[in-house]
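Trainee: What follows is final29.cif, made up of mmCIF, C-alpha atoms and all ligand atoms:
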data_start
loop_
_atom_site.label_atom_id
_atom_site.label_comp_id
_atom_site.auth_asym_id
_atom_site.auth_seq_id
_atom_site.Cartn_x
_atom_site.Cartn_y
_atom_site.Cartn_z
CA MET A 191 -2.04 3.43 31.22
CA SER A 192 -0.45 5.57 28.53
CA GLU A 193 1.78 8.28 29.97
CA ALA A 194 0.95 11.16 27.67
CA GLY A 195 -2.70 12.18 27.89
CA ARG A 196 -6.12 10.67 28.47
CA PRO A 197 -7.06 7.16 27.37
CA LEU A 198 -8.47 7.14 23.86
CA LYS A 199 -11.45 5.34 22.35
CA ILE A 200 -10.26 3.80 19.12
CA GLY A 201 -12.28 2.13 16.35
CA VAL A 202 -10.18 -0.43 14.46
CA VAL A 203 -11.32 -1.92 11.15
CA CYS A 204 -9.50 -4.95 9.78
CA TYR A 205 -9.70 -8.27 7.99
CA PRO A 206 -10.03 -11.17 10.41
CA THR A 207 -7.81 -13.57 8.49
CA PHE A 208 -4.25 -14.77 9.09
CA GLY A 209 -3.05 -12.27 6.47
CA GLY A 210 -0.51 -9.79 7.76
CA SER A 211 -2.79 -6.75 7.92
CA GLY A 212 -5.26 -8.52 10.22
CA VAL A 213 -2.43 -9.75 12.44
CA VAL A 214 -0.87 -6.29 12.73
CA ALA A 215 -4.27 -4.66 13.41
CA THR A 216 -5.11 -7.17 16.14
CA GLU A 217 -1.68 -7.07 17.78
CA LEU A 218 -1.83 -3.26 17.71
CA ALA A 219 -5.30 -3.34 19.28
CA LYS A 220 -3.94 -5.57 22.06
CA GLY A 221 -0.95 -3.28 22.56
CA MET A 222 -3.20 -0.20 22.73
CA ALA A 223 -5.51 -1.91 25.24
CA GLN A 224 -2.48 -2.69 27.39
CA ARG A 225 -1.67 1.02 27.33
CA GLY A 226 -5.12 1.74 28.78
CA HIS A 227 -7.06 2.65 25.65
CA GLU A 228 -10.56 1.39 24.80
CA ILE A 229 -10.67 -0.51 21.52
CA HIS A 230 -13.67 -1.25 19.31
CA LEU A 231 -12.71 -3.80 16.68
CA PHE A 232 -14.82 -4.19 13.52
CA SER A 233 -14.54 -7.16 11.22
CA TYR A 234 -16.74 -9.73 9.48
CA ALA A 235 -15.52 -12.49 11.83
CA PRO A 236 -13.45 -12.65 15.05
CA PRO A 237 -9.83 -11.89 14.07
CA ALA A 238 -7.62 -14.97 14.21
CA ARG A 239 -5.08 -13.31 16.51
CA LEU A 240 -7.69 -12.06 19.00
CA ASP A 241 -6.96 -14.99 21.25
CA VAL A 242 -6.87 -13.44 24.72
CA PHE A 243 -9.68 -11.82 26.64
CA ASP A 244 -9.16 -8.14 27.40
CA GLU A 245 -12.02 -6.17 28.87
CA ARG A 246 -10.85 -3.08 26.99
CA ILE A 247 -11.32 -4.74 23.59
CA HIS A 248 -14.89 -4.80 22.24
CA LEU A 249 -15.51 -6.87 19.15
CA HIS A 250 -18.20 -5.80 16.68
CA GLU A 251 -18.90 -8.46 14.08
CA VAL A 252 -20.38 -6.84 11.01
CA GLU A 253 -23.30 -8.72 9.52
CA VAL A 254 -24.44 -8.12 5.97
CA SER A 255 -28.12 -8.73 5.33
CA SER A 256 -28.99 -10.33 2.08
CA TYR A 257 -31.84 -9.30 -0.16
CA PRO A 258 -32.90 -10.89 -3.45
CA LEU A 259 -31.75 -7.79 -5.34
CA PHE A 260 -28.27 -7.90 -3.83
CA LYS A 261 -26.23 -10.14 -6.04
CA TYR A 262 -23.23 -8.74 -4.12
CA PRO A 263 -24.27 -7.94 -0.53
CA PRO A 264 -22.74 -4.52 0.29
CA TYR A 265 -20.31 -5.28 3.13
CA ASP A 266 -18.77 -1.79 3.06
CA LEU A 267 -22.18 -0.16 3.66
CA ALA A 268 -23.03 -2.56 6.48
CA LEU A 269 -19.62 -1.80 7.97
CA ALA A 270 -20.14 1.97 7.67
CA SER A 271 -23.56 1.72 9.33
CA ARG A 272 -22.26 -0.33 12.25
CA LEU A 273 -19.22 1.92 12.61
CA ALA A 274 -21.39 5.06 12.66
CA GLU A 275 -23.64 3.58 15.37
CA VAL A 276 -20.74 2.63 17.62
CA VAL A 277 -18.77 5.84 16.99
CA GLU A 278 -21.78 7.75 18.30
CA ASP A 279 -22.80 5.40 21.13
CA ALA A 280 -19.31 4.81 22.51
CA ASP A 281 -18.08 8.32 21.64
CA ILE A 282 -15.10 7.02 19.69
CA ASP A 283 -12.20 9.45 19.13
CA LEU A 284 -10.88 8.11 15.83
CA VAL A 285 -11.12 5.23 13.39
CA HIS A 286 -8.03 3.31 12.30
CA ALA A 287 -8.59 1.47 9.01
CA HIS A 288 -6.15 -1.30 8.11
CA TYR A 289 -6.13 -1.84 4.34
CA ALA A 290 -7.55 0.95 2.21
CA ILE A 291 -10.22 -1.09 0.40
CA PRO A 292 -12.94 -1.12 1.59
CA HIS A 293 -12.09 -0.17 5.17
CA THR A 294 -10.97 3.41 4.65
CA MET A 295 -13.86 4.06 2.28
CA ALA A 296 -16.33 2.86 4.94
CA ALA A 297 -14.65 5.10 7.52
CA LEU A 298 -14.82 8.10 5.18
CA LEU A 299 -18.52 7.47 4.74
CA VAL A 300 -18.91 7.58 8.53
CA LYS A 301 -17.18 10.98 8.48
CA ASP A 302 -19.95 12.17 6.12
CA LEU A 303 -22.76 10.46 7.96
CA LEU A 304 -21.90 12.00 11.31
CA ARG A 305 -20.99 15.52 10.19
CA PRO A 306 -20.58 18.03 11.87
CA ARG A 307 -19.10 15.62 14.43
CA ARG A 308 -15.39 15.11 13.63
CA VAL A 309 -14.35 11.51 12.93
CA PRO A 310 -10.59 11.45 12.27
CA VAL A 311 -9.55 8.53 10.07
CA VAL A 312 -6.09 6.94 10.13
CA THR A 313 -5.27 4.54 7.29
CA THR A 314 -2.48 2.00 7.41
CA LEU A 315 -1.33 0.73 4.02
CA HIS A 316 -0.09 -2.83 4.26
CA GLY A 317 1.05 -3.73 0.79
CA THR A 318 -1.27 -5.60 -1.50
CA ASP A 319 -3.84 -2.82 -1.00
CA ILE A 320 -1.41 -0.71 -3.07
CA THR A 321 0.71 -3.15 -5.05
CA VAL A 322 -2.10 -5.44 -6.23
CA VAL A 323 -5.64 -4.27 -5.38
CA GLY A 324 -4.90 -0.55 -5.61
CA GLN A 325 -3.49 -0.92 -9.12
CA ASP A 326 -6.50 -2.81 -10.42
CA PRO A 327 -8.34 -0.28 -12.63
CA SER A 328 -11.59 -1.08 -10.86
CA TYR A 329 -10.22 0.06 -7.49
CA ARG A 330 -7.51 2.56 -8.39
CA ARG A 331 -9.54 5.75 -8.09
CA VAL A 332 -11.18 4.82 -4.82
CA THR A 333 -7.85 3.75 -3.35
CA ARG A 334 -6.39 7.15 -4.26
CA HIS A 335 -9.43 8.88 -2.78
CA ALA A 336 -9.12 6.83 0.42
CA ILE A 337 -5.48 7.85 0.82
CA ARG A 338 -6.04 11.52 0.00
CA ASN A 339 -8.94 11.93 2.39
CA SER A 340 -7.55 10.15 5.44
CA ASP A 341 -6.41 12.41 8.28
CA ALA A 342 -3.18 10.42 8.52
CA VAL A 343 -1.73 7.64 6.40
CA THR A 344 0.91 5.25 7.64
CA SER A 345 2.86 2.77 5.60
CA VAL A 346 4.65 -0.32 6.93
CA SER A 347 7.90 0.34 5.04
CA GLU A 348 9.81 3.00 3.12
CA TYR A 349 9.43 0.80 0.06
CA LEU A 350 5.62 0.85 0.33
CA LYS A 351 5.65 4.61 0.84
CA ARG A 352 7.70 5.03 -2.36
CA ARG A 353 5.43 2.66 -4.29
CA THR A 354 2.33 4.52 -3.12
CA GLN A 355 3.86 7.81 -4.22
CA GLU A 356 4.81 6.32 -7.61
CA VAL A 357 1.49 4.57 -8.25
CA PHE A 358 -0.81 7.36 -7.09
CA GLY A 359 1.40 10.42 -7.50
CA LEU A 360 0.62 11.38 -3.93
CA ASP A 361 2.85 12.91 -1.33
CA ASN A 362 0.58 13.71 1.55
CA GLY A 363 3.03 13.22 4.41
CA MET A 364 2.79 9.45 4.71
CA ILE A 365 4.38 8.24 7.94
CA VAL A 366 6.44 5.06 7.90
CA ILE A 367 5.83 2.88 10.95
CA PRO A 368 7.33 -0.59 10.58
CA ASN A 369 5.50 -3.70 11.70
CA PHE A 370 6.37 -5.21 15.03
CA VAL A 371 6.39 -8.53 16.81
CA ASP A 372 5.47 -9.63 20.30
CA THR A 373 8.90 -10.91 21.32
CA GLU A 374 7.48 -12.70 24.35
CA ARG A 375 5.08 -14.66 22.19
CA PHE A 376 7.59 -15.36 19.42
CA LYS A 377 10.82 -16.45 21.05
CA PRO A 378 13.46 -19.15 20.61
CA GLY A 379 12.86 -22.48 22.31
CA ARG A 380 12.55 -25.82 20.62
CA ASN A 381 9.87 -28.23 21.66
CA ARG A 382 11.22 -31.74 21.44
CA SER A 383 7.93 -33.39 20.75
CA ILE A 384 6.93 -30.90 18.03
CA ARG A 385 10.33 -31.10 16.38
CA GLY A 386 10.16 -34.87 16.72
CA CYS A 387 6.89 -34.89 14.78
CA PHE A 388 8.55 -33.03 11.93
CA SER A 389 11.88 -34.77 11.68
CA ARG A 390 14.21 -37.45 12.98
CA ALA A 391 17.37 -36.56 14.94
CA ASN A 392 20.01 -34.82 12.79
CA GLU A 393 17.47 -33.84 10.18
CA ARG A 394 17.13 -30.19 9.34
CA VAL A 395 13.75 -28.45 9.41
CA VAL A 396 12.90 -25.89 6.75
CA MET A 397 9.73 -23.83 7.20
CA HIS A 398 7.44 -21.55 5.20
CA VAL A 399 4.41 -19.66 6.50
CA SER A 400 2.07 -17.74 4.21
CA ASN A 401 -1.41 -17.44 2.79
CA PHE A 402 -0.27 -19.25 -0.37
CA ARG A 403 -1.28 -16.41 -2.63
CA PRO A 404 0.53 -16.21 -6.00
CA VAL A 405 2.67 -13.27 -4.78
CA LYS A 406 4.29 -15.63 -2.22
CA ARG A 407 5.56 -18.03 -4.95
CA ALA A 408 5.32 -20.88 -2.46
CA ALA A 409 6.14 -23.47 -5.15
CA LEU A 410 9.69 -22.00 -5.22
CA VAL A 411 10.00 -23.09 -1.58
CA VAL A 412 9.42 -26.68 -2.69
CA ASP A 413 12.01 -26.27 -5.47
CA ALA A 414 14.58 -24.86 -3.04
CA PHE A 415 13.84 -27.69 -0.65
CA ALA A 416 14.52 -30.21 -3.42
CA ASP A 417 18.09 -28.80 -3.57
CA ILE A 418 18.44 -28.91 0.21
CA VAL A 419 17.33 -32.51 0.50
CA LYS A 420 19.90 -33.56 -2.10
CA ALA A 421 22.60 -32.30 0.27
CA MET A 422 21.28 -33.40 3.67
CA PRO A 423 18.36 -35.13 5.38
CA ALA A 424 15.63 -32.53 5.91
CA THR A 425 11.90 -31.95 6.25
CA LEU A 426 9.90 -29.06 4.84
CA VAL A 427 6.99 -27.74 6.91
CA MET A 428 4.50 -25.60 4.99
CA ILE A 429 2.10 -23.64 7.21
CA GLY A 430 -0.97 -21.77 5.99
CA ASP A 431 -3.53 -22.20 3.28
CA GLY A 432 -4.58 -20.46 0.11
CA PRO A 433 -4.94 -20.69 -3.64
CA ASP A 434 -1.46 -22.12 -4.40
CA ARG A 435 -1.42 -24.85 -1.80
CA SER A 436 -2.59 -27.60 -4.15
CA ALA A 437 0.02 -26.58 -6.73
CA CYS A 438 2.70 -26.89 -4.04
CA GLU A 439 1.40 -30.32 -3.03
CA ALA A 440 1.48 -31.39 -6.66
CA ARG A 441 5.03 -30.04 -7.04
CA ALA A 442 6.23 -31.95 -3.97
CA GLN A 443 4.63 -35.12 -5.37
CA ALA A 444 6.17 -34.57 -8.82
CA LEU A 445 9.63 -34.10 -7.31
CA GLY A 446 9.26 -37.30 -5.29
CA LEU A 447 9.27 -35.35 -2.01
CA LYS A 448 5.80 -36.12 -0.74
CA SER A 449 7.00 -37.96 2.36
CA ARG A 450 9.41 -35.13 3.24
CA VAL A 451 7.00 -32.20 2.95
CA ARG A 452 4.33 -31.59 5.60
CA PHE A 453 1.41 -29.29 4.78
CA LEU A 454 -0.13 -28.21 8.09
CA GLY A 455 -2.75 -25.77 6.80
CA ALA A 456 -3.62 -22.63 8.79
CA GLN A 457 -2.40 -22.84 12.37
CA THR A 458 -3.38 -20.60 15.27
CA ASP A 459 -0.25 -21.17 17.34
CA VAL A 460 2.52 -20.55 14.83
CA GLU A 461 4.67 -19.28 17.69
CA HIS A 462 5.01 -22.87 18.97
CA LEU A 463 5.92 -24.23 15.55
CA LEU A 464 8.36 -21.61 14.24
CA PRO A 465 11.15 -22.06 16.82
CA ASN A 466 11.49 -25.69 15.68
CA ALA A 467 12.78 -24.63 12.28
CA ASP A 468 16.41 -24.14 11.22
CA VAL A 469 15.66 -21.78 8.37
CA PHE A 470 12.60 -19.95 7.05
CA LEU A 471 12.11 -19.52 3.30
CA LEU A 472 10.13 -16.65 1.77
CA PRO A 473 10.70 -16.29 -1.99
CA SER A 474 7.90 -13.72 -2.52
CA GLU A 475 7.77 -11.75 -5.74
CA HIS A 476 7.45 -8.67 -3.56
CA GLU A 477 6.65 -8.12 0.06
CA SER A 478 5.93 -4.71 1.54
CA PHE A 479 7.37 -5.78 4.89
CA GLY A 480 7.34 -9.54 5.46
CA LEU A 481 5.82 -9.95 8.91
CA ALA A 482 6.15 -13.74 8.75
CA ALA A 483 9.93 -13.35 8.29
CA LEU A 484 10.06 -11.04 11.31
CA GLU A 485 8.16 -13.59 13.41
CA ALA A 486 10.71 -16.20 12.33
CA MET A 487 13.56 -13.88 13.36
CA ALA A 488 12.00 -13.28 16.78
CA SER A 489 11.84 -17.07 17.14
CA GLY A 490 15.58 -17.29 16.41
CA VAL A 491 15.05 -18.74 12.94
CA VAL A 492 17.17 -17.42 10.07
CA PRO A 493 15.06 -16.06 7.18
CA ILE A 494 16.18 -16.61 3.59
CA VAL A 495 14.10 -14.29 1.43
CA THR A 496 13.94 -12.45 -1.87
CA ALA A 497 15.78 -9.13 -1.83
CA ALA A 498 12.56 -7.39 -2.82
CA GLY A 499 10.16 -4.76 -1.57
CA GLY A 500 10.53 -3.88 2.10
CA LEU A 501 12.40 -7.07 3.07
CA PRO A 502 15.84 -5.37 2.91
CA GLU A 503 14.52 -2.92 5.55
CA VAL A 504 13.85 -5.84 7.88
CA ILE A 505 16.78 -8.18 7.17
CA GLN A 506 20.49 -7.33 7.09
CA ASP A 507 22.00 -9.63 4.50
CA GLY A 508 24.58 -12.02 5.96
CA VAL A 509 23.99 -10.75 9.50
CA ASP A 510 20.51 -11.81 10.59
CA GLY A 511 19.24 -13.43 7.41
CA LEU A 512 19.98 -13.89 3.72
CA LEU A 513 18.64 -11.73 0.90
CA VAL A 514 18.58 -13.50 -2.46
CA ALA A 515 18.50 -11.27 -5.55
CA GLU A 516 15.51 -11.81 -7.81
CA GLU A 517 17.63 -12.91 -10.77
CA GLN A 518 19.28 -15.54 -8.53
CA ILE A 519 16.13 -16.81 -6.87
CA HIS A 520 16.89 -20.33 -8.19
CA THR A 521 19.95 -20.33 -5.87
CA MET A 522 17.81 -20.06 -2.73
CA GLY A 523 18.22 -23.80 -2.06
CA ALA A 524 22.01 -23.66 -2.54
CA ARG A 525 22.25 -20.62 -0.21
CA ALA A 526 20.28 -22.54 2.41
CA VAL A 527 22.52 -25.60 2.03
CA ALA A 528 25.70 -23.54 2.55
CA LEU A 529 24.25 -22.02 5.70
CA LEU A 530 22.84 -25.26 7.11
CA GLN A 531 26.25 -26.92 6.62
CA ASP A 532 27.97 -24.22 8.67
CA GLY A 533 26.61 -24.78 12.19
CA GLU A 534 28.63 -21.95 13.73
CA ARG A 535 27.41 -19.37 11.22
CA LEU A 536 23.84 -20.61 11.51
CA ALA A 537 23.92 -20.22 15.31
CA ALA A 538 25.43 -16.72 15.08
CA MET A 539 22.82 -15.61 12.55
CA SER A 540 20.00 -17.12 14.59
CA ALA A 541 21.14 -15.10 17.63
CA ALA A 542 21.48 -11.96 15.49
CA ALA A 543 17.98 -12.48 14.08
CA ARG A 544 16.47 -12.65 17.56
CA LEU A 545 18.45 -9.56 18.62
CA ALA A 546 17.29 -7.57 15.60
CA ALA A 547 13.66 -8.43 16.33
CA VAL A 548 14.01 -7.34 19.95
CA ASP A 549 16.07 -4.20 19.26
CA ARG A 550 14.33 -2.85 16.17
CA PHE A 551 10.84 -4.30 16.02
CA ALA A 552 9.61 -4.92 19.57
CA ARG A 553 5.94 -4.14 20.09
CA GLU A 554 5.96 -1.48 22.82
CA ALA A 555 8.06 1.16 21.01
CA ILE A 556 6.13 0.80 17.77
CA VAL A 557 2.71 0.88 19.42
CA ALA A 558 3.80 4.18 21.02
CA ARG A 559 4.47 5.58 17.54
CA TYR A 560 0.91 4.79 16.47
CA GLU A 561 -0.39 6.43 19.63
CA ALA A 562 1.48 9.61 18.69
CA VAL A 563 -0.30 9.57 15.31
CA TYR A 564 -3.67 9.12 17.04
CA ARG A 565 -3.03 12.04 19.40
CA ASP A 566 -2.06 14.17 16.48
CA VAL A 567 -5.21 13.52 14.42
CA ILE A 568 -7.63 14.10 17.29
CA GLN A 569 -6.35 17.66 17.78
CA PRO A 570 -9.03 20.07 16.56
CA THR A 571 -7.93 21.68 13.27
O1 LIG A 601 -0.04 -10.96 1.45
C1 LIG A 601 -0.11 -11.03 2.66
O2 LIG A 601 0.73 -11.57 3.38
C2 LIG A 601 -1.26 -10.41 3.35
C3 LIG A 601 -1.12 -8.95 3.36
C4 LIG A 601 -2.23 -8.31 4.11
O3 LIG A 601 -2.37 -7.14 3.94
O4 LIG A 601 -2.99 -8.93 4.84
O5 LIG A 601 0.20 -8.70 3.87
C5 LIG A 601 0.79 -7.48 3.64
O6 LIG A 601 0.77 -6.84 4.91
C6 LIG A 601 1.64 -7.41 5.90
C7 LIG A 601 1.42 -6.65 7.21
O7 LIG A 601 1.72 -5.30 7.10
C8 LIG A 601 3.08 -7.33 5.41
O8 LIG A 601 3.96 -7.87 6.38
C9 LIG A 601 3.19 -8.15 4.11
O9 LIG A 601 4.50 -7.99 3.61
C10 LIG A 601 2.20 -7.63 3.08
N1 LIG A 601 2.19 -8.55 1.93
C11 LIG A 601 2.69 -8.18 0.74
O10 LIG A 601 3.16 -7.09 0.51
C12 LIG A 601 2.64 -9.23 -0.31
#
Write the structure described by the file as structure tokens, please.
Mentor:
Amino acid sequence: MSEAGRPLKIGVVCYPTFGGSGVVATELAKGMAQRGHEIHLFSYAPPARLDVFDERIHLHEVEVSSYPLFKYPPYDLALASRLAEVVEDADIDLVHAHYAIPHTMAALLVKDLLRPRRVPVVTTLHGTDITVVGQDPSYRRVTRHAIRNSDAVTSVSEYLKRRTQEVFGLDNGMIVIPNFVDTERFKPGRNRSIRGCFSRANERVVMHVSNFRPVKRAALVVDAFADIVKAMPATLVMIGDGPDRSACEARAQALGLKSRVRFLGAQTDVEHLLPNADVFLLPSEHESFGLAALEAMASGVVPIVTAAGGLPEVIQDGVDGLLVAEEQIHTMGARAVALLQDGERLAAMSAAARLAAVDRFAREAIVARYEAVYRDVIQPT
């Protein structure tokens, strides 16, 4: 049970996919439930990370009815309707929307629907809701409206806060709360049979986990791996699925690396796979935080990433990972080779990565920061 104050009833709206915002929302819901709060989770499918039963977490799957007139069935309206029903029936204290579009807009509609009842809305900005979707002219105004009308807005990095201020010209007291990792779930510990599936003895294992969207530039991972494999025997394990996966497969084939690159698709138990890697590559064009890199660090795997977006807030270059400047992104493979050839340095950085995850990004302390935001917004104004 949470120490400060009564247990809260919290509505959480998120995407159910493996994308970072859905993972953070679900892990936060689990953390809040462990602190004694009642959680009502709204999504169009069961969230991928909702993999343990907790009697304090109630899942509400939002169904959208179709009608011949609806070329585009209105998910946001169905979500608002369902939210309004449950907010009333379960007497929910606040709604936490992860990703501004359309989740915050649906929550703001609930505010209107249930007036004069107060429905405080907390929005967490995750990244692409600002850097990609929010800048699309068709969504820009509503994204701005969503941010301006939330009772509290949190951002997962200082970088994302700055970008939001630049893009929308807003400074409405955004609170930076970094992402976190369950350091019991993601921890070092190789599994001989899993590692054996990936590689033979003395072969290095390079890993990448993402949703293969263009922003991840996953094909650059294959290019970097081509440099690694010229210097030492190695296997590349690509986890996840998305629009650029086929291009990566084609690239591996074109470079003659097909037998050395494994595409595993989306996996539910990444925590069992990650610790079997030696390094983790993330050459994203930008990344508001880089949760996948943090999960690698917690697993004792050294991340080698672009020095872009919020990644420098997560990784200390040369200490617990490597930051590669954008203009030198083609050297990512060479940087990995130098590290993989220096066993002592690799081991020291792997230990430092785990330590950083535990010291700076462990779940409990960060969940408590969200709870403070919740307690603040439920105060009558
Ligand atoms: O692009 C993704 O990885 C998915 C996206 C999302 O919102 O689902 O991820 C964003 O949110 C994550 C959780 O806060 C961050 O760790 C990712 O850095 C961020 N992605 C980008 O900024 C590209």
Trainee: Which is closest to A:His250 among A:Arg550, A:Tyr265, A:Val346, A:Phe232, if we use all atoms listed in the file?
Mentor: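 Ranking A:Arg550, A:Tyr265, A:Val346, A:Phe232 by distance to A:His250, first place goes to A:Phe232.
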Trainee: Which value, in Å to one decimal, gives the distance between atom CA of A:Ala541 and atom CA of A:Asn381?
Mentor: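 About the pair atom CA of A:Ala541 and atom CA of A:Asn381: they are 17.8 Å apart.
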Trainee: Point out the residue among A:Phe470, A:Tyr234, A:Tyr564, A:Phe358 with the least atom-to-atom distance to A:Leu513, counting all atoms listed in the file.
Mentor: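 Once distances to A:Leu513 are computed over all atoms listed in the file, the minimum belongs to A:Phe470.
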Trainee: May I have the protein, DNA and RNA residues with an atom at most 12 Å from (7.4, -17.7, -0.2), counting only C-alpha atoms in the file's coordinates, returned as a ChimeraX atom specification?
Mentor: /A:397-415,428-430,434-435,438,470-477,480,482-483,493-496,498,519,522
Trainee: Taking only C-alpha atoms and all ligand atoms into account, which residues have an atom no farther than 9 Å from ligand LIG 601 (chain A)? I'd like them as a VMD selection string.
Mentor: chain A and resid 205 207 to 215 288 to 289 314 to 322 345 to 347 350 368 to 369 400 to 403 405 to 406 474 to 484 499 to 501
Trainee: Enter the distance from atom CA of A:Val395 to atom CA of A:Val427, in Å, rounded to one decimal.
Mentor: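 So the two atoms, atom CA of A:Val395 and atom CA of A:Val427, lie 7.2 Å apart.
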Trainee: Closest to A:Arg196 among A:His286, A:Gly226, A:Ala537, A:Ala297, using only C-alpha atoms?
Mentor: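 With only C-alpha atoms as the atom set, the closest residue is A:Gly226.
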Trainee: Quick one: distance from atom CA of A:Leu249 to atom CA of A:Ala223 in Å, one decimal?
Mentor: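 Distance reported for this atom pair: 12.7 Å.
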Trainee: If we count all atoms listed in the file and set the cut-off at 9 Å, which residues sit around A:Ala442, ignoring sequence neighbours fewer than 5 positions away in its own chain? Please answer as a list of chain:residue names.
Mentor: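 Selected residues are A:Ala409, A:Val412, A:Asp413, A:Ala416, A:Ala437, A:Leu447, A:Lys448, A:Ser449, A:Arg450, A:Val451.
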Trainee: Which polymer residues have any atom within 8 Å of an atom of stretch 375-377 of chain A, counting all atoms listed in the file, with same-chain residues fewer than 6 positions away left out, as a list in words?
Mentor: Glu461, His462, Pro465, Glu485, Ala486, Ala488, Ser489, Gly490 and Arg544 of chain A
Trainee: Give the centre and edge lengths of an axis-aligned box, in Å to one decimal, that holds all listed atoms of stretch 345-361 of chain A with 3 Å on each side, as lines of an AutoDock Vina configuration file.
Mentor:
center_x = 4.5
center_y = 6.3
center_z = -0.7
size_x = 16.6
size_y = 19.2
size_z = 21.2
Trainee: Please list as a list in words every residue within 10 Å of A:Asp244, counting all atoms listed in the file and excluding residues in the same chain fewer than 3 positions away.
Mentor: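 Near A:Asp244, the qualifying residues are Lys220, Ala223, Gln224, Glu228, Ile229, Leu240, Asp241, Ile247 and His248 of chain A.
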Trainee: For A:Glu278, which residue among A:Pro206, A:Gly511, A:Pro258, A:Gly201 is the nearest when counting all atoms listed in the file?
Mentor: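 Result for the nearest residue to A:Glu278: A:Gly201.
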Trainee: Counting only C-alpha atoms, which of A:Glu516, A:His230, A:Ala528, A:Arg307 gets nearest to A:Glu245?
Mentor: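 Smallest separation from A:Glu245 among the options: A:His230.
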Trainee: So, with only C-alpha atoms as the atoms that count, which of A:Ala235, A:Leu284, A:Leu445, A:Val371 lies closest to A:Asp341?
Mentor: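 The answer is A:Leu284, which sits nearest to A:Asp341.
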